[in-house]
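Here's model.txt, which has compact mmCIF, C-alpha atoms:
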# COMPACT_ATOMS: atom_id res chain seq x y z
CA MET A 1 -16.35 24.07 -26.23
CA ASP A 2 -16.51 25.80 -22.88
CA LEU A 3 -13.83 24.41 -20.60
CA LYS A 4 -14.57 26.41 -17.47
CA ASN A 5 -16.47 23.54 -15.86
CA ILE A 6 -13.80 20.96 -16.54
CA ASN A 7 -10.66 22.95 -15.72
CA PRO A 8 -11.10 22.59 -11.94
CA PHE A 9 -11.12 18.80 -12.44
CA ILE A 10 -7.99 18.90 -14.60
CA ASP A 11 -6.24 20.92 -11.90
CA ALA A 12 -7.42 18.40 -9.30
CA VAL A 13 -5.97 15.47 -11.27
CA THR A 14 -2.68 17.32 -11.74
CA GLU A 15 -2.48 18.06 -8.03
CA ILE A 16 -3.72 14.81 -6.50
CA LEU A 17 -2.42 11.97 -8.67
CA PRO A 18 1.31 12.72 -8.27
CA GLN A 19 0.78 12.58 -4.48
CA PHE A 20 -0.04 8.89 -4.82
CA GLY A 21 3.18 8.25 -6.68
CA PHE A 22 1.92 8.20 -10.24
CA GLN A 23 4.92 9.06 -12.37
CA SER A 24 3.65 10.22 -15.71
CA LEU A 25 0.52 12.26 -16.24
CA ILE A 26 -0.32 13.29 -19.77
CA GLN A 27 -3.40 15.28 -20.57
CA LYS A 28 -4.89 14.16 -23.88
CA GLY A 29 -7.66 15.77 -25.85
CA PHE A 30 -11.11 17.03 -24.97
CA SER A 31 -14.32 15.68 -26.40
CA GLU A 32 -17.92 16.66 -26.20
CA LYS A 33 -20.85 14.33 -25.65
CA SER A 34 -24.54 14.85 -25.36
CA LYS A 35 -26.78 13.28 -22.70
CA LYS A 36 -25.13 9.86 -22.75
CA ILE A 37 -21.79 8.26 -22.06
CA ILE A 38 -20.98 4.68 -23.00
CA ALA A 39 -18.12 3.11 -21.09
CA SER A 40 -16.69 -0.30 -20.21
CA GLY A 41 -14.68 -1.14 -17.14
CA VAL A 42 -15.06 0.86 -13.95
CA VAL A 43 -17.26 3.92 -13.83
CA ILE A 44 -17.56 6.18 -10.80
CA THR A 45 -20.15 8.90 -10.68
CA LEU A 46 -20.66 11.70 -8.16
CA GLY A 47 -23.44 14.25 -7.87
CA ILE A 48 -22.72 17.95 -7.50
CA VAL A 49 -25.04 20.62 -6.08
CA GLY A 50 -24.71 24.27 -5.23
CA ASP A 51 -24.03 27.20 -7.55
CA LYS A 52 -23.68 24.58 -10.28
CA LYS A 53 -25.58 21.34 -10.48
CA GLY A 54 -24.85 18.09 -12.25
CA ASN A 55 -22.56 15.08 -12.25
CA VAL A 56 -19.00 14.08 -12.81
CA VAL A 57 -18.11 10.64 -14.15
CA TYR A 58 -14.71 8.93 -14.02
CA CYS A 59 -14.15 6.07 -16.47
CA ILE A 60 -11.22 3.64 -16.35
CA ASN A 61 -10.93 0.24 -17.99
CA GLN A 62 -10.90 -2.81 -15.72
CA GLU A 63 -7.16 -3.51 -15.93
CA GLY A 64 -6.28 0.15 -15.48
CA ALA A 65 -8.58 0.37 -12.48
CA LYS A 66 -6.77 -2.55 -10.83
CA GLN A 67 -3.40 -0.92 -11.49
CA ILE A 68 -4.56 2.40 -10.05
CA ALA A 69 -5.99 0.67 -6.99
CA SER A 70 -2.72 -1.21 -6.55
CA ILE A 71 -0.63 1.98 -6.68
CA MET A 72 -3.01 3.64 -4.22
CA MET A 73 -2.59 0.69 -1.89
CA MET A 74 1.21 1.10 -1.78
CA GLY A 75 1.83 -1.40 -4.56
CA MET A 76 -0.21 -4.21 -3.03
CA PRO A 77 -1.09 -6.61 -5.87
CA VAL A 78 -4.72 -6.27 -6.99
CA GLU A 79 -5.81 -9.42 -8.81
CA GLU A 80 -9.49 -8.63 -8.82
CA LEU A 81 -11.59 -5.61 -8.13
CA ASP A 82 -12.44 -6.58 -4.57
CA ASP A 83 -13.98 -4.47 -1.77
CA MET A 84 -10.66 -2.90 -0.92
CA ALA A 85 -9.86 -1.96 -4.52
CA GLN A 86 -13.37 -0.55 -5.03
CA SER A 87 -13.02 1.44 -1.86
CA ALA A 88 -9.64 2.83 -2.98
CA LEU A 89 -11.04 3.92 -6.35
CA SER A 90 -14.12 5.49 -4.74
CA GLU A 91 -11.84 7.36 -2.37
CA LEU A 92 -9.76 8.60 -5.29
CA SER A 93 -12.86 9.91 -7.06
CA ASN A 94 -13.93 11.56 -3.82
CA MET A 95 -10.57 13.27 -3.38
CA LEU A 96 -10.44 14.45 -6.98
CA THR A 97 -13.97 15.83 -6.88
CA ALA A 98 -13.50 17.46 -3.47
CA ASN A 99 -10.33 19.09 -4.75
CA ALA A 100 -12.19 20.28 -7.87
CA CYS A 101 -14.77 21.84 -5.49
CA ILE A 102 -12.01 23.78 -3.77
CA ASN A 103 -10.81 24.92 -7.20
CA PHE A 104 -14.35 26.06 -8.04
CA SER A 105 -14.52 28.00 -4.78
CA LYS A 106 -11.44 29.99 -5.83
CA GLU A 107 -13.64 31.29 -8.67
CA ALA A 108 -16.39 32.10 -6.15
CA VAL A 109 -18.43 29.08 -7.30
CA ASN A 110 -19.59 27.10 -4.29
CA VAL A 111 -20.48 23.48 -4.87
CA ASP A 112 -20.80 20.39 -2.72
CA ILE A 113 -20.48 16.73 -3.69
CA SER A 114 -22.33 13.50 -3.02
CA VAL A 115 -20.82 10.16 -2.10
CA PRO A 116 -19.43 8.28 -5.12
CA THR A 117 -21.30 5.44 -6.83
CA LEU A 118 -19.01 2.88 -8.40
CA LEU A 119 -20.13 0.45 -11.08
CA PHE A 120 -18.41 -1.98 -13.33
CA GLY A 121 -19.34 -3.96 -16.41
CA GLU A 122 -19.32 -3.83 -20.17
CA ASN A 123 -21.09 -1.28 -22.35
CA ILE A 124 -22.40 0.76 -19.46
CA GLU A 125 -24.73 3.43 -20.75
CA LEU A 126 -24.90 6.46 -18.48
CA ASN A 127 -27.67 8.90 -19.06
CA LEU A 128 -26.86 12.26 -17.48
CA ASN A 129 -29.67 14.12 -19.16
CA LYS A 130 -27.55 17.16 -19.92
CA GLU A 131 -27.17 18.53 -23.43
CA GLU A 132 -23.49 19.16 -23.01
CA ILE A 133 -21.01 16.77 -21.40
CA ILE A 134 -17.39 17.82 -21.60
CA CYS A 135 -14.82 15.05 -21.36
CA VAL A 136 -11.07 15.02 -20.97
CA GLU A 137 -8.74 12.06 -21.30
CA PHE A 138 -5.61 11.46 -19.27
CA ASP A 139 -2.82 8.97 -19.70
CA VAL A 140 -1.74 8.06 -16.17
CA ASP A 141 1.35 5.84 -16.27
CA GLY A 142 -0.06 4.28 -19.42
CA ILE A 143 -3.57 3.90 -18.00
CA LYS A 144 -6.38 5.67 -19.81
CA MET A 145 -8.66 7.68 -17.54
CA GLU A 146 -11.53 9.75 -18.83
CA ILE A 147 -13.35 12.42 -16.82
CA CYS A 148 -16.73 13.61 -18.03
CA VAL A 149 -18.37 16.66 -16.52
CA ALA A 150 -22.03 17.55 -16.97
CA LEU A 151 -22.61 20.75 -15.00
CA VAL A 152 -25.01 23.61 -15.47
CA MET B 1 -22.72 17.88 25.11
CA LYS B 2 -23.38 15.76 28.16
CA ASN B 3 -21.21 12.67 28.63
CA LEU B 4 -18.39 14.02 26.50
CA ARG B 5 -15.01 12.83 27.77
CA VAL B 6 -12.29 15.44 27.48
CA MET B 7 -8.54 15.49 27.79
CA ILE B 8 -6.70 18.78 28.34
CA VAL B 9 -3.17 19.14 26.92
CA ASP B 10 -1.39 22.26 28.17
CA ASP B 11 2.08 22.99 29.52
CA SER B 12 0.63 25.25 32.18
CA THR B 13 -1.01 23.80 35.26
CA PHE B 14 -2.81 27.13 35.68
CA SER B 15 -4.40 26.88 32.21
CA ILE B 16 -5.34 23.27 32.87
CA ALA B 17 -7.09 24.28 36.08
CA VAL B 18 -9.02 27.10 34.35
CA LEU B 19 -10.07 24.93 31.39
CA LYS B 20 -11.02 22.05 33.66
CA LYS B 21 -13.33 24.29 35.63
CA MET B 22 -14.98 25.69 32.49
CA LEU B 23 -15.49 22.28 30.91
CA GLU B 24 -16.87 20.70 34.05
CA LYS B 25 -19.25 23.60 34.53
CA ASP B 26 -20.68 22.75 31.08
CA GLY B 27 -21.23 19.17 32.20
CA LEU B 28 -18.26 17.63 30.41
CA GLU B 29 -16.09 15.04 32.08
CA VAL B 30 -12.37 15.80 32.16
CA VAL B 31 -10.88 12.32 32.00
CA ALA B 32 -7.21 13.23 31.64
CA THR B 33 -4.75 16.09 31.60
CA ALA B 34 -1.26 16.13 30.08
CA LEU B 35 1.56 18.64 30.41
CA ASN B 36 3.59 17.41 27.45
CA MET B 37 3.35 15.58 24.12
CA LYS B 38 4.64 12.22 25.32
CA ASP B 39 2.16 12.08 28.18
CA ALA B 40 -0.67 13.28 25.90
CA ILE B 41 -0.09 10.49 23.37
CA GLU B 42 0.15 7.77 26.00
CA LYS B 43 -2.99 8.89 27.79
CA ALA B 44 -5.04 9.49 24.63
CA LYS B 45 -4.20 6.00 23.35
CA ALA B 46 -5.35 4.45 26.61
CA ILE B 47 -8.39 6.63 27.30
CA LYS B 48 -9.62 7.55 23.79
CA PRO B 49 -11.32 10.81 24.77
CA ASP B 50 -14.09 12.37 22.64
CA LEU B 51 -12.42 15.75 22.71
CA ILE B 52 -8.93 17.10 23.32
CA THR B 53 -8.07 20.73 24.00
CA MET B 54 -4.57 21.34 22.68
CA ASP B 55 -2.08 24.02 23.62
CA MET B 56 0.34 25.00 20.85
CA THR B 57 3.48 25.20 22.94
CA LEU B 58 4.57 22.03 24.67
CA PRO B 59 7.96 21.34 26.26
CA ASP B 60 8.72 18.36 23.99
CA GLY B 61 7.06 19.48 20.76
CA ASN B 62 4.25 21.67 19.54
CA GLY B 63 0.47 21.31 19.39
CA ILE B 64 0.44 20.71 15.62
CA GLU B 65 2.94 17.88 15.81
CA CYS B 66 1.20 16.44 18.85
CA SER B 67 -2.25 16.58 17.18
CA ARG B 68 -0.96 14.92 14.05
CA GLU B 69 0.55 12.09 16.10
CA LEU B 70 -2.54 11.75 18.28
CA LEU B 71 -4.92 11.49 15.34
CA LYS B 72 -2.97 8.51 14.03
CA HIS B 73 -4.05 6.62 17.15
CA VAL B 74 -7.40 8.16 18.05
CA LYS B 75 -9.09 8.86 14.72
CA GLU B 76 -12.53 9.58 16.21
CA THR B 77 -11.28 12.15 18.71
CA LYS B 78 -11.82 15.82 17.92
CA ILE B 79 -9.18 18.37 18.76
CA ILE B 80 -9.69 22.05 19.55
CA ALA B 81 -6.54 24.16 19.66
CA ILE B 82 -6.43 26.64 22.54
CA SER B 83 -3.40 28.86 22.45
CA SER B 84 -2.24 32.39 23.10
CA MET B 85 -0.68 32.47 19.62
CA MET B 86 -3.09 32.82 16.75
CA ASP B 87 -2.31 33.95 13.23
CA GLU B 88 -3.29 32.81 9.74
CA GLU B 89 -0.23 30.65 9.26
CA ILE B 90 -0.73 28.63 12.42
CA ILE B 91 -4.47 28.31 11.76
CA GLU B 92 -3.69 26.87 8.34
CA LYS B 93 -1.21 24.42 9.86
CA ALA B 94 -3.78 23.43 12.49
CA LYS B 95 -6.42 22.72 9.84
CA ASN B 96 -3.97 20.62 7.86
CA ALA B 97 -3.10 18.63 10.97
CA GLY B 98 -6.77 17.71 11.48
CA ILE B 99 -7.54 20.15 14.30
CA LYS B 100 -11.21 21.16 14.14
CA ALA B 101 -11.25 24.59 15.77
CA TYR B 102 -8.87 27.21 17.05
CA LEU B 103 -9.50 29.45 20.05
CA GLN B 104 -7.22 32.10 21.44
CA LYS B 105 -6.27 32.38 25.10
CA PRO B 106 -7.59 33.75 27.34
CA VAL B 107 -10.54 31.69 26.25
CA ASP B 108 -13.96 32.73 27.50
CA ALA B 109 -16.39 30.15 28.80
CA ASP B 110 -19.13 30.99 26.29
CA GLY B 111 -16.80 30.83 23.30
CA LEU B 112 -15.48 27.45 24.36
CA LYS B 113 -18.96 26.09 24.99
CA ALA B 114 -20.20 27.34 21.59
CA ALA B 115 -17.25 25.78 19.76
CA ILE B 116 -17.78 22.41 21.43
CA GLU B 117 -21.52 22.47 20.81
CA LYS B 118 -20.97 23.23 17.14
CA LEU B 119 -18.35 20.53 16.83
CA PHE B 120 -20.56 17.82 18.30
CA ALA B 121 -23.92 18.97 16.89
CA GLY B 122 -23.14 17.00 13.75
CA GLU B 123 -22.87 13.78 15.74
CA GLU B 124 -26.35 14.09 17.21
CA LEU B 125 -27.72 15.11 13.86
CA TYR B 126 -26.18 12.06 12.21
CA GLN B 127 -27.81 9.86 14.81
CA ILE B 128 -31.18 11.44 13.97
CA LEU B 129 -30.53 10.78 10.28
CA GLN B 130 -29.60 7.15 10.95
CA ASP B 131 -32.72 6.67 13.04
CA ASN B 132 -35.07 8.17 10.46
CA TYR B 133 -33.85 7.76 6.91
CA GLU B 134 -35.27 4.30 6.41
CA GLU B 135 -38.81 5.36 7.33
CA ALA B 136 -38.59 8.56 5.28
CA PHE B 137 -37.65 6.68 2.11
CA LYS B 138 -40.16 3.90 2.67
CA GLU B 139 -42.91 6.44 3.15
CA SER B 140 -41.82 8.38 0.07
CA VAL B 141 -41.81 5.26 -2.16
CA PHE B 142 -45.02 3.92 -0.76
CA THR B 143 -46.90 7.21 -1.18
CA PHE B 144 -45.69 7.67 -4.75
CA LEU B 145 -46.45 4.15 -5.94
CA LYS B 146 -49.79 3.92 -4.16
CA SER B 147 -51.01 7.14 -5.73
CA GLU B 148 -49.50 6.62 -9.20
CA LEU B 149 -49.84 2.86 -9.68
CA GLY B 150 -52.40 1.78 -7.13
CA GLY B 151 -52.74 -1.92 -6.37
CA GLU B 152 -50.54 -3.74 -3.90
CA VAL B 153 -47.32 -2.05 -2.85
CA GLU B 154 -45.06 -3.83 -0.41
CA LEU B 155 -41.57 -3.07 0.82
CA GLU B 156 -39.51 -5.96 2.10
CA ASN B 157 -36.11 -5.78 3.71
CA TYR B 158 -33.55 -7.26 1.37
CA GLN B 159 -30.17 -8.78 2.09
CA LEU B 160 -27.59 -8.25 -0.65
CA LYS B 161 -26.44 -11.64 -1.92
CA TYR B 162 -22.83 -10.54 -2.33
CA LYS B 163 -21.41 -8.20 0.22
CA GLY B 164 -21.73 -4.61 -0.92
CA VAL B 165 -22.62 -5.24 -4.58
CA ARG B 166 -25.77 -5.51 -6.62
CA LYS B 167 -26.09 -6.92 -10.10
CA SER B 168 -28.26 -4.52 -12.06
CA SER B 169 -31.57 -5.82 -13.41
CA GLY B 170 -31.31 -3.54 -16.43
CA ILE B 171 -31.90 0.07 -15.43
CA SER B 172 -30.45 1.64 -12.30
CA VAL B 173 -30.66 5.20 -11.11
CA ALA B 174 -28.38 6.80 -8.54
CA VAL B 175 -29.27 10.05 -6.83
CA GLY B 176 -26.96 11.76 -4.35
CA MET B 177 -28.18 13.57 -1.26
CA ILE B 178 -25.99 16.36 -0.05
CA GLY B 179 -26.22 18.41 3.11
CA ARG B 180 -24.72 18.45 6.59
CA HIS B 181 -24.48 14.71 6.11
CA LYS B 182 -24.60 12.79 2.87
CA GLY B 183 -26.41 9.92 1.30
CA ARG B 184 -27.38 8.14 -1.85
CA LEU B 185 -30.41 6.41 -3.25
CA ILE B 186 -30.18 3.63 -5.82
CA ILE B 187 -33.25 2.20 -7.50
CA ASP B 188 -32.84 -0.70 -9.87
CA MET B 189 -35.42 -2.55 -11.94
CA SER B 190 -35.75 -4.46 -15.18
CA SER B 191 -36.65 -2.55 -18.32
CA ASN B 192 -39.88 -4.57 -18.40
CA THR B 193 -40.93 -3.39 -14.96
CA ALA B 194 -40.06 0.21 -15.84
CA LEU B 195 -42.06 -0.11 -19.07
CA ASN B 196 -45.03 -1.63 -17.26
CA MET B 197 -45.00 1.19 -14.75
CA VAL B 198 -44.71 4.03 -17.24
CA LYS B 199 -47.47 2.52 -19.41
CA LYS B 200 -49.78 2.37 -16.42
CA ILE B 201 -48.95 5.85 -15.15
CA VAL B 202 -49.34 7.69 -18.46
CA GLN B 203 -52.07 5.31 -19.63
CA ASP B 204 -50.36 4.69 -22.95
CA GLU B 205 -49.41 1.24 -24.24
CA ASN B 206 -47.01 2.69 -26.81
CA GLN B 207 -44.43 3.94 -24.35
CA THR B 208 -40.84 3.16 -25.40
CA LEU B 209 -37.80 2.05 -23.43
CA GLU B 210 -36.44 5.58 -23.69
CA GLU B 211 -39.58 6.87 -22.01
CA ALA B 212 -39.34 4.16 -19.36
CA ILE B 213 -35.79 5.30 -18.60
CA GLN B 214 -36.98 8.89 -18.28
CA PHE B 215 -39.74 7.75 -15.96
CA LEU B 216 -37.37 5.83 -13.70
CA SER B 217 -35.01 8.79 -13.54
CA GLU B 218 -37.84 11.08 -12.49
CA PHE B 219 -39.30 8.48 -10.12
CA THR B 220 -35.97 8.16 -8.28
CA ASN B 221 -35.57 11.92 -8.22
CA VAL B 222 -39.02 12.39 -6.69
CA ILE B 223 -38.50 9.63 -4.11
CA ALA B 224 -35.19 11.16 -3.01
CA GLY B 225 -36.59 14.70 -3.06
CA ASN B 226 -39.66 13.83 -1.00
CA ALA B 227 -37.66 11.78 1.50
CA CYS B 228 -35.12 14.59 1.91
CA SER B 229 -37.97 17.06 2.49
CA LEU B 230 -39.35 14.76 5.20
CA LEU B 231 -35.91 14.58 6.83
CA ASN B 232 -35.30 18.33 6.53
CA GLY B 233 -38.70 18.76 8.18
CA LEU B 234 -37.46 16.76 11.16
CA ASN B 235 -34.42 18.96 11.54
CA ARG B 236 -33.62 21.87 9.29
CA SER B 237 -29.93 21.54 9.99
CA PHE B 238 -29.82 18.50 7.66
CA GLY B 239 -30.05 20.93 4.72
CA LEU B 240 -30.36 17.94 2.36
CA ARG B 241 -30.48 18.62 -1.36
CA VAL B 242 -30.73 16.13 -4.17
CA SER B 243 -28.16 15.92 -6.97
CA PRO B 244 -29.31 15.22 -10.54
CA PRO B 245 -29.95 11.52 -11.20
CA THR B 246 -27.51 9.36 -13.12
CA VAL B 247 -29.26 6.61 -15.08
CA ILE B 248 -27.27 3.48 -15.78
CA VAL B 249 -28.47 1.12 -18.47
CA GLY B 250 -26.87 -2.16 -19.49
CA GLU B 251 -27.07 -5.92 -19.46
CA ASP B 252 -24.07 -6.78 -17.35
CA ILE B 253 -23.47 -4.10 -14.75
CA THR B 254 -22.52 -4.48 -11.11
CA ILE B 255 -23.17 -1.61 -8.74
CA SER B 256 -20.95 -1.24 -5.73
CA ILE B 257 -22.93 -0.16 -2.71
CA GLY B 258 -19.72 0.61 -0.86
CA ASP B 259 -19.07 0.50 2.83
CA MET B 260 -21.45 3.20 3.93
CA ASP B 261 -24.29 2.59 6.34
CA SER B 262 -27.05 1.41 4.01
CA LYS B 263 -30.28 -0.55 3.86
CA SER B 264 -31.73 -2.47 0.93
CA PHE B 265 -35.35 -3.20 0.10
CA MET B 266 -37.34 -5.01 -2.51
CA ILE B 267 -40.32 -2.97 -3.64
CA LYS B 268 -43.08 -5.33 -4.76
CA THR B 269 -45.88 -4.05 -6.96
CA ASP B 270 -48.44 -5.67 -9.25
CA LEU B 271 -46.33 -4.59 -12.22
CA GLY B 272 -43.03 -6.06 -11.09
CA GLU B 273 -40.41 -5.52 -8.46
CA ALA B 274 -37.65 -3.03 -7.90
CA PHE B 275 -34.56 -2.97 -5.74
CA MET B 276 -33.87 0.03 -3.55
CA ASN B 277 -30.77 0.85 -1.54
CA ILE B 278 -30.39 3.91 0.64
CA GLY B 279 -27.08 4.78 2.21
CA VAL B 280 -26.02 7.57 4.53
CA GLN B 281 -22.61 8.85 5.43
CA LYS B 282 -21.37 11.28 8.02
CA GLY B 283 -20.40 14.61 6.49
CA ASP B 284 -17.11 16.31 7.28
CA GLU B 285 -17.17 18.84 10.04
CA SER B 286 -16.30 22.15 8.63
CA TRP B 287 -13.74 24.32 10.35
CA ILE B 288 -15.12 26.27 13.28

Whole structure, structure tokens version:
Amino acid sequence: MDLKNINPFIDAVTEILPQFGFQSLIQKGFSEKSKKIIASGVVITLGIVGDKKGNVVYCINQEGAKQIASIMMMGMPVEELDDMAQSALSELSNMLTANACINFSKEAVNVDISVPTLLFGENIELNLNKEEIICVEFDVDGIKMEICVALV
Amino acid sequence: MKNLRVMIVDDSTFSIAVLKKMLEKDGLEVVATALNMKDAIEKAKAIKPDLITMDMTLPDGNGIECSRELLKHVKETKIIAISSMMDEEIIEKAKNAGIKAYLQKPVDADGLKAAIEKLFAGEELYQILQDNYEEAFKESVFTFLKSELGGEVELENYQLKYKGVRKSSGISVAVGMIGRHKGRLIIDMSSNTALNMVKKIVQDENQTLEEAIQFLSEFTNVIAGNACSLLNGLNRSFGLRVSPPTVIVGEDITISIGDMDSKSFMIKTDLGEAFMNIGVQKGDESWI
């Protein structure tokens, strides 16, 4: 498994999440997928173009997404995934991906990102049409967050 | 450049006079001047200038501190630092504070004009994008469907039922557009409509759902690509490129359109209808 495309995202998570006040950040294992991702909860996808081209997908379950949104909004209670919570999560994905771009640029790889697209539901099938999708799982204060990177 | 309202912050009345003359010569309106941080913040809050030129040394603070404070109140205002001091460390601090450009004193008129033009070029360009993206995408969809499917093709404006979200009809494709400014295209249709379309286009009744998904992915990609080419043709500075499509398939999926400037349409064809949303967003100005 080639981790060079996912490492900039791992570094981004490690740098950005503690800034929001997340206490514990544990990196779990890697996994490899092909073409498709199946996820339930909240899924945020961003396009990437430049020296590398593809997509990054962030997957969090519904409850976890609400908790993350709440922490990002200074502990404001988030009962449902309303406009504000969706906006907070989109912004987080934007910050993480932009930071990953900066990390890529340190390796002389220049990439640019699209605006995030956020979706939610059950059994969401995402077709990224790339043979190799590298995923990493994080435990963020007990919330499972998976990042999948399909870049060529 | 015309009609830009500027405030000059500088502890030297001489520098203020020189900058004022330069800016006014370029057709900008100097709406305020401030000799210190306190005065700068008060005036900026009241006047909300488009641009502020910021000295780094002020009697009651420094330009970095002052800019940071100002941007809390006037988020849309752009700040150019103009100072006799200039080294990597202070440039880095200026960037982090939200300052958009850094010029060293004595500043020459051409350099100042070029920096301001570059800083505000994005604004005009964004206006051009806002004025033209709808037509570009409509034309792109219409041309594709007319030539590939034939029959009646109509595009109707569509109002999202719930603010900012769309319940997927079965298959949705999102394609990002990335350039000086950004955008995104979403096309959503039922698997039946996608199947009907792919069967008609490839003239094969045995097409599968998998093939319909592939078709919709490529369809969205082509629509976005052609529309971006049309827009880039209007102004090359857009530099729009299309990111690879993400196809989303499922029975119970809600897509958040988000709070960007977007327009939704219902594409009506003889083989079924499709939802289309196009959104644009102002890109970040890069450091000058």

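Residue nearest Arg166 (chain B), chosen from A:Phe9, A:Phe30, A:Phe120, A:Tyr58 and counting all atoms listed in the file: A:Phe120.
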
Next item on the list: Record the distance separating CA of Ala88 (chain A) and CA of Arg180 (chain B), expressed in Å with one decimal.
Entry: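 Spanning CA of Ala88 (chain A) to CA of Arg180 (chain B) is a straight-line distance of 23.7 Å.
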
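Counting from CA of Leu185 (chain B), the distance to CA of Gly47 (chain A) is 11.5 Å.
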
Give me the residues of chain B that have any atom at most 10 Å from an atom of chain A; for each, the nearest atom pair and the distance in Å, rounded to one decimal. Use only C-alpha atoms, sort by chain and number, and format it as JSON lines.
{"residue": "B:Lys163", "atom": "CA", "partner": "A:Asp83", "partner_atom": "CA", "distance": 8.5}
{"residue": "B:Gly164", "atom": "CA", "partner": "A:Asp83", "partner_atom": "CA", "distance": 7.8}
{"residue": "B:Val165", "atom": "CA", "partner": "A:Leu119", "partner_atom": "CA", "distance": 9.0}
{"residue": "B:Arg166", "atom": "CA", "partner": "A:Leu119", "partner_atom": "CA", "distance": 9.3}
{"residue": "B:Lys167", "atom": "CA", "partner": "A:Leu119", "partner_atom": "CA", "distance": 9.5}
{"residue": "B:Ser168", "atom": "CA", "partner": "A:Leu119", "partner_atom": "CA", "distance": 9.6}
{"residue": "B:Ile171", "atom": "CA", "partner": "A:Glu125", "partner_atom": "CA", "distance": 9.5}
{"residue": "B:Ser172", "atom": "CA", "partner": "A:Leu126", "partner_atom": "CA", "distance": 9.6}
{"residue": "B:Val173", "atom": "CA", "partner": "A:Asn127", "partner_atom": "CA", "distance": 9.3}
{"residue": "B:Ala174", "atom": "CA", "partner": "A:Thr117", "partner_atom": "CA", "distance": 7.4}
{"residue": "B:Val175", "atom": "CA", "partner": "A:Gly47", "partner_atom": "CA", "distance": 7.3}
{"residue": "B:Gly176", "atom": "CA", "partner": "A:Ser114", "partner_atom": "CA", "distance": 5.1}
{"residue": "B:Met177", "atom": "CA", "partner": "A:Ser114", "partner_atom": "CA", "distance": 6.1}
{"residue": "B:Ile178", "atom": "CA", "partner": "A:Ser114", "partner_atom": "CA", "distance": 5.5}
{"residue": "B:Gly179", "atom": "CA", "partner": "A:Asp112", "partner_atom": "CA", "distance": 8.2}
{"residue": "B:His181", "atom": "CA", "partner": "A:Ser114", "partner_atom": "CA", "distance": 9.5}
{"residue": "B:Lys182", "atom": "CA", "partner": "A:Ser114", "partner_atom": "CA", "distance": 6.4}
{"residue": "B:Gly183", "atom": "CA", "partner": "A:Val115", "partner_atom": "CA", "distance": 6.5}
{"residue": "B:Arg184", "atom": "CA", "partner": "A:Val115", "partner_atom": "CA", "distance": 6.9}
{"residue": "B:Leu185", "atom": "CA", "partner": "A:Thr117", "partner_atom": "CA", "distance": 9.8}
{"residue": "B:Ile186", "atom": "CA", "partner": "A:Thr117", "partner_atom": "CA", "distance": 9.1}
{"residue": "B:Ile213", "atom": "CA", "partner": "A:Asn127", "partner_atom": "CA", "distance": 8.9}
{"residue": "B:Gln214", "atom": "CA", "partner": "A:Asn129", "partner_atom": "CA", "distance": 9.0}
{"residue": "B:Ser217", "atom": "CA", "partner": "A:Asn127", "partner_atom": "CA", "distance": 9.2}
{"residue": "B:Arg241", "atom": "CA", "partner": "A:Val49", "partner_atom": "CA", "distance": 7.5}
{"residue": "B:Val242", "atom": "CA", "partner": "A:Val49", "partner_atom": "CA", "distance": 7.5}
{"residue": "B:Ser243", "atom": "CA", "partner": "A:Gly47", "partner_atom": "CA", "distance": 5.1}
{"residue": "B:Pro244", "atom": "CA", "partner": "A:Gly54", "partner_atom": "CA", "distance": 5.6}
{"residue": "B:Pro245", "atom": "CA", "partner": "A:Leu128", "partner_atom": "CA", "distance": 7.0}
{"residue": "B:Thr246", "atom": "CA", "partner": "A:Leu128", "partner_atom": "CA", "distance": 5.3}
{"residue": "B:Val247", "atom": "CA", "partner": "A:Asn127", "partner_atom": "CA", "distance": 4.9}
{"residue": "B:Ile248", "atom": "CA", "partner": "A:Leu126", "partner_atom": "CA", "distance": 4.7}
{"residue": "B:Val249", "atom": "CA", "partner": "A:Glu125", "partner_atom": "CA", "distance": 5.0}
{"residue": "B:Gly250", "atom": "CA", "partner": "A:Ile124", "partner_atom": "CA", "distance": 5.3}
{"residue": "B:Glu251", "atom": "CA", "partner": "A:Glu122", "partner_atom": "CA", "distance": 8.1}
{"residue": "B:Asp252", "atom": "CA", "partner": "A:Gly121", "partner_atom": "CA", "distance": 5.6}
{"residue": "B:Ile253", "atom": "CA", "partner": "A:Gly121", "partner_atom": "CA", "distance": 4.5}
{"residue": "B:Thr254", "atom": "CA", "partner": "A:Phe120", "partner_atom": "CA", "distance": 5.3}
{"residue": "B:Ile255", "atom": "CA", "partner": "A:Leu119", "partner_atom": "CA", "distance": 4.4}
{"residue": "B:Ser256", "atom": "CA", "partner": "A:Leu118", "partner_atom": "CA", "distance": 5.3}
{"residue": "B:Ile257", "atom": "CA", "partner": "A:Thr117", "partner_atom": "CA", "distance": 7.1}
{"residue": "B:Gly258", "atom": "CA", "partner": "A:Ser87", "partner_atom": "CA", "distance": 6.8}
{"residue": "B:Asp259", "atom": "CA", "partner": "A:Ser87", "partner_atom": "CA", "distance": 7.7}
{"residue": "B:Met260", "atom": "CA", "partner": "A:Val115", "partner_atom": "CA", "distance": 9.2}
{"residue": "B:Gly279", "atom": "CA", "partner": "A:Val115", "partner_atom": "CA", "distance": 9.3}
{"residue": "B:Val280", "atom": "CA", "partner": "A:Val115", "partner_atom": "CA", "distance": 8.8}
{"residue": "B:Gln281", "atom": "CA", "partner": "A:Val115", "partner_atom": "CA", "distance": 7.8}
{"residue": "B:Gly283", "atom": "CA", "partner": "A:Val115", "partner_atom": "CA", "distance": 9.7}

Checklist line | Two-atom distance - CA of Ala115 (chain B), CA of Lys100 (chain B) (Å) | finding: 9.5 Å
